[in-house]
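Student: Structure file run.tsv (TSV, C-alpha atoms) is given on the next line.
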```tsv
chain	number	residue	atom	x	y	z
G	1	MET	CA	16.02	2.14	-1.93
G	2	ILE	CA	14.84	0.92	1.45
G	3	ARG	CA	12.75	-2.21	2.05
G	4	VAL	CA	10.82	-2.86	5.24
G	5	GLU	CA	9.17	-6.26	5.71
G	6	VAL	CA	6.72	-6.70	8.58
G	7	PRO	CA	5.85	-10.35	9.18
G	8	GLY	CA	2.42	-11.41	10.38
G	9	THR	CA	-1.10	-10.45	9.44
G	10	PRO	CA	-1.29	-6.81	8.27
G	11	VAL	CA	-3.69	-4.61	10.22
G	12	ALA	CA	-5.63	-1.79	8.59
G	13	GLN	CA	-5.96	1.60	10.26
G	14	GLY	CA	-9.11	1.52	12.37
G	15	ARG	CA	-11.58	4.33	12.85
G	16	PRO	CA	-10.47	6.85	15.46
G	17	ARG	CA	-11.98	6.46	18.90
G	18	PHE	CA	-13.17	9.35	21.03
G	19	ALA	CA	-12.93	9.86	24.78
G	20	ARG	CA	-14.39	12.62	26.89
G	21	ARG	CA	-11.97	14.05	29.42
G	22	GLY	CA	-13.92	16.59	31.44
G	23	LYS	CA	-14.95	19.35	29.04
G	24	PHE	CA	-12.62	18.07	26.30
G	25	VAL	CA	-12.91	15.30	23.76
G	26	SER	CA	-9.73	13.56	22.60
G	27	THR	CA	-9.21	11.09	19.78
G	28	TYR	CA	-7.00	8.04	19.83
G	29	ASP	CA	-6.15	5.00	17.72
G	30	PRO	CA	-7.92	1.72	18.46
G	31	PRO	CA	-5.60	-0.60	20.44
G	32	LYS	CA	-5.13	-3.03	17.53
G	33	SER	CA	-4.09	-0.23	15.14
G	34	ARG	CA	-1.76	1.31	17.72
G	35	ALA	CA	-0.05	-2.04	18.39
G	36	TYR	CA	0.42	-2.70	14.67
G	37	LYS	CA	1.91	0.77	14.11
G	38	GLN	CA	4.39	0.09	16.91
G	39	LYS	CA	5.34	-3.21	15.26
G	40	VAL	CA	5.84	-1.50	11.86
G	41	ALA	CA	7.97	1.18	13.54
G	42	ILE	CA	10.25	-1.48	15.06
G	43	TYR	CA	10.88	-3.11	11.67
G	44	ALA	CA	11.30	0.30	10.00
G	45	ARG	CA	13.95	1.32	12.54
G	46	ALA	CA	15.78	-1.97	11.95
G	47	SER	CA	15.80	-1.29	8.18
G	48	MET	CA	17.03	2.29	8.65
G	49	THR	CA	20.07	1.52	10.81
G	50	SER	CA	22.68	4.24	10.28
G	51	ILE	CA	20.48	5.92	7.65
G	52	GLU	CA	18.86	9.28	8.31
G	53	PRO	CA	15.18	9.74	7.36
G	54	PHE	CA	14.65	10.73	3.73
G	55	THR	CA	14.14	14.44	3.10
G	56	GLY	CA	13.22	14.60	-0.60
G	57	PRO	CA	10.25	13.45	-2.68
G	58	LEU	CA	9.51	9.73	-2.37
G	59	GLU	CA	8.00	6.87	-4.34
G	60	VAL	CA	6.42	4.25	-2.09
G	61	THR	CA	5.17	0.76	-2.90
G	62	VAL	CA	3.20	-1.15	-0.27
G	63	TYR	CA	2.50	-4.86	-0.73
G	64	ILE	CA	-0.14	-6.39	1.52
G	65	TYR	CA	-0.07	-10.18	1.62
G	66	ARG	CA	-3.25	-11.59	3.17
G	67	GLN	CA	-3.62	-15.08	4.59
G	68	ILE	CA	-5.61	-17.48	2.43
G	69	GLN	CA	-8.81	-18.57	4.16
G	70	GLN	CA	-8.90	-22.18	5.38
G	71	SER	CA	-12.26	-22.86	3.76
G	72	GLY	CA	-12.38	-23.63	0.06
G	73	SER	CA	-11.00	-26.27	-2.26
G	74	GLN	CA	-7.31	-26.91	-2.94
G	75	ARG	CA	-7.91	-25.66	-6.48
G	76	LEU	CA	-9.29	-22.37	-5.16
G	77	LYS	CA	-6.36	-21.97	-2.76
G	78	ARG	CA	-3.88	-22.65	-5.59
G	79	ALA	CA	-5.60	-20.03	-7.78
G	80	LYS	CA	-5.28	-17.49	-4.97
G	81	LEU	CA	-1.59	-18.28	-4.47
G	82	ASP	CA	-0.95	-18.04	-8.22
G	83	GLY	CA	-2.49	-14.57	-8.33
G	84	LYS	CA	-5.47	-15.61	-10.45
G	85	ILE	CA	-7.87	-14.54	-7.67
G	86	TRP	CA	-7.34	-11.21	-5.93
G	87	PRO	CA	-8.46	-10.39	-2.37
G	88	ALA	CA	-11.21	-7.92	-3.28
G	89	ILE	CA	-12.48	-8.01	0.31
G	90	LYS	CA	-12.36	-5.78	3.38
G	91	PRO	CA	-10.43	-4.06	4.83
G	92	ASP	CA	-9.89	-1.33	2.27
G	93	LEU	CA	-6.50	-0.95	0.65
G	94	ASP	CA	-6.06	2.67	1.73
G	95	ASN	CA	-6.53	1.78	5.40
G	96	TYR	CA	-3.55	-0.60	5.25
G	97	TYR	CA	-1.52	2.11	3.51
G	98	LYS	CA	-2.43	4.70	6.15
G	99	ALA	CA	-1.40	2.46	9.06
G	100	ILE	CA	1.99	1.65	7.51
G	101	THR	CA	2.89	5.15	6.32
G	102	ASP	CA	1.83	6.77	9.62
G	103	ALA	CA	4.09	4.36	11.51
G	104	CYS	CA	7.10	5.29	9.33
G	105	THR	CA	6.84	9.05	9.83
G	106	GLY	CA	9.95	10.28	11.60
G	107	ILE	CA	11.76	6.99	10.94
G	108	VAL	CA	11.88	6.45	7.16
G	109	TRP	CA	10.87	10.01	6.18
G	110	HIS	CA	10.32	13.26	8.03
G	111	ASP	CA	6.70	13.68	6.93
G	112	ASP	CA	4.44	11.54	4.79
G	113	ASN	CA	3.66	14.58	2.63
G	114	GLN	CA	7.00	13.76	0.93
G	115	ILE	CA	5.30	10.81	-0.79
G	116	VAL	CA	4.55	11.90	-4.35
G	117	LYS	CA	4.03	8.46	-5.94
G	118	ALA	CA	2.31	5.53	-4.27
G	119	HIS	CA	1.54	2.00	-5.38
G	120	ILE	CA	-0.49	-0.33	-3.17
G	121	ILE	CA	-1.01	-4.00	-3.98
G	122	LYS	CA	-3.08	-6.50	-2.01
G	123	LYS	CA	-2.47	-10.20	-2.72
G	124	TYR	CA	-2.95	-13.60	-1.14
G	125	SER	CA	-0.05	-15.52	0.36
G	126	ASP	CA	0.58	-18.45	2.67
G	127	GLN	CA	2.94	-16.10	4.56
G	128	PRO	CA	0.93	-13.01	5.58
G	129	ARG	CA	3.05	-9.86	5.79
G	130	ALA	CA	3.38	-6.26	4.69
G	131	VAL	CA	6.28	-5.02	2.59
G	132	LEU	CA	7.16	-1.35	2.15
G	133	GLU	CA	9.60	-0.22	-0.53
G	134	VAL	CA	10.74	3.40	-0.50
G	135	GLU	CA	12.80	5.16	-3.11
G	136	GLU	CA	13.92	8.77	-2.99
G	137	LEU	CA	13.25	10.54	-6.28
G	138	GLY	CA	15.63	12.98	-7.92
G	139	GLU	CA	14.55	16.34	-9.21
G	140	GLU	CA	12.37	15.86	-12.29
G	141	GLN	CA	12.66	18.17	-15.27
G	142	GLU	CA	9.56	20.08	-16.38
G	143	LYS	CA	8.07	18.82	-19.63
```
For this file, produce the structure as structure tokens.
Tutor:
Amino acid sequence: MIRVEVPGTPVAQGRPRFARRGKFVSTYDPPKSRAYKQKVAIYARASMTSIEPFTGPLEVTVYIYRQIQQSGSQRLKRAKLDGKIWPAIKPDLDNYYKAITDACTGIVWHDDNQIVKAHIIKKYSDQPRAVLEVEELGEEQEK
């Protein structure tokens, strides 16, 4: 199993941007998304030292720890830290997942189509970060 922890506020994948270049239109990541993907890639490379990218089917768990807002009572903040209140707010969970898994392609795995099981959890924390856990699965028997 491999674990990649990316400190700091997680950034969700932004909508693609479009630019006209003469007769052609090209798409690109918003600058904030691109910078975050580069940061994730740095931490992924550090976690994969002397390990080749996985080649088999993978199970991935992504934990998104969001900063608790400054407004609100101490009781409310404690409830968020204790997991009694979940961050059911934007950005969407799948946009975080997309940014992190795209950044790990070619580093942790050859292609993100190798991911056959995914778990994504968004929680509050006083230490915002993203954590990626990757486990290569063995061949499963047919039932």
Student: Please determine, counting all atoms listed in the file, which residue among G:Ser73, G:Asn95, G:Ser47, G:Thr27 has the shortest atom-to-atom distance to G:Gly14.
Tutor: G:Asn95
Student: Between atom CA of G:Ile107 and atom CA of G:Glu52, what is the spacing in Å?
Tutor: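 Computing it gives 7.9 Å between the two atoms.
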Student: Using all atoms listed in the file, collect all residues at a distance of at most 10 Å from (-2.4, -3.7, 9.4) as written in the file, then present them as a JSON list (two decimals) with C-alpha atoms, in the coordinates of the input.
Tutor:
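Output file point.json is given in full below:
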```json
[["chain", "number", "residue", "atom", "x", "y", "z"],
["G", 6, "VAL", "CA", 6.72, -6.70, 8.58],
["G", 8, "GLY", "CA", 2.42, -11.41, 10.38],
["G", 9, "THR", "CA", -1.10, -10.45, 9.44],
["G", 10, "PRO", "CA", -1.29, -6.81, 8.27],
["G", 11, "VAL", "CA", -3.69, -4.61, 10.22],
["G", 12, "ALA", "CA", -5.63, -1.79, 8.59],
["G", 13, "GLN", "CA", -5.96, 1.60, 10.26],
["G", 14, "GLY", "CA", -9.11, 1.52, 12.37],
["G", 32, "LYS", "CA", -5.13, -3.03, 17.53],
["G", 33, "SER", "CA", -4.09, -0.23, 15.14],
["G", 34, "ARG", "CA", -1.76, 1.31, 17.72],
["G", 35, "ALA", "CA", -0.05, -2.04, 18.39],
["G", 36, "TYR", "CA", 0.42, -2.70, 14.67],
["G", 37, "LYS", "CA", 1.91, 0.77, 14.11],
["G", 39, "LYS", "CA", 5.34, -3.21, 15.26],
["G", 40, "VAL", "CA", 5.84, -1.50, 11.86],
["G", 64, "ILE", "CA", -0.14, -6.39, 1.52],
["G", 91, "PRO", "CA", -10.43, -4.06, 4.83],
["G", 95, "ASN", "CA", -6.53, 1.78, 5.40],
["G", 96, "TYR", "CA", -3.55, -0.60, 5.25],
["G", 97, "TYR", "CA", -1.52, 2.11, 3.51],
["G", 98, "LYS", "CA", -2.43, 4.70, 6.15],
["G", 99, "ALA", "CA", -1.40, 2.46, 9.06],
["G", 100, "ILE", "CA", 1.99, 1.65, 7.51],
["G", 129, "ARG", "CA", 3.05, -9.86, 5.79],
["G", 130, "ALA", "CA", 3.38, -6.26, 4.69]]
```
Student: Of the candidates G:Arg20, G:Lys84, G:Arg45, G:Arg15, which shows the shortest atom-to-atom distance to G:Ile2, using all atoms listed in the file?
Tutor: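 For G:Ile2, the nearest of the given residues is G:Arg45.
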Student: Using all atoms listed in the file, can you tell me which of G:Asp111, G:Glu5, G:Asp82, G:Glu59 comes closest to G:Ala46?
Tutor: G:Glu5
Student: Tell me, as a compact mmCIF listing (two decimals) with C-alpha atoms, in the frame of the given file, which residues lie within 7 Å of G:Glu136, counting only C-alpha atoms; anything in the same chain fewer than 2 positions away does not count.
Tutor:
```txt
# COMPACT_ATOMS: atom_id res chain seq x y z
CA GLY G 56 13.22 14.60 -0.60
CA PRO G 57 10.25 13.45 -2.68
CA LEU G 58 9.51 9.73 -2.37
CA GLU G 59 8.00 6.87 -4.34
CA VAL G 134 10.74 3.40 -0.50
CA GLY G 138 15.63 12.98 -7.92
```
Student: To one decimal in Å, tell me the separation between atom CA of G:Lys122 and atom CA of G:Asp92.
Tutor: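 So the two atoms, atom CA of G:Lys122 and atom CA of G:Asp92, lie 9.6 Å apart.
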Student: Record the distance separating atom CA of G:Cys104 and atom CA of G:Ala44, expressed in Å with one decimal.
Tutor: 6.6 Å
Student: Rank nothing, just name the residue among G:Gly83, G:Phe24, G:Gly106, G:Ile120 nearest to G:Glu133, using only C-alpha atoms.
Tutor: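 Checking each candidate against G:Glu133, we get G:Ile120 as the closest.
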Student: Given the point (-9.3, -12.9, 2.7) in the file's coordinates, find the residues that have an atom at most 6 Å from it, counting only C-alpha atoms, and give them as a ChimeraX atom specification.
Tutor: /G:68-69,87
Student: G:Met1, G:Ile42, G:Phe54, G:Asp94: which is nearest G:Asp112, counting only C-alpha atoms?
Tutor: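 Of all the options, G:Phe54 lies closest to G:Asp112.
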Student: For each of G:Arg3, G:Pro31, G:Ser71, G:Arg78, take the minimum atom-to-atom distance to G:Pro16, counting all atoms listed in the file, then give the residue where this is smallest.
Tutor: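 Ranking G:Arg3, G:Pro31, G:Ser71, G:Arg78 by distance to G:Pro16, first place goes to G:Pro31.
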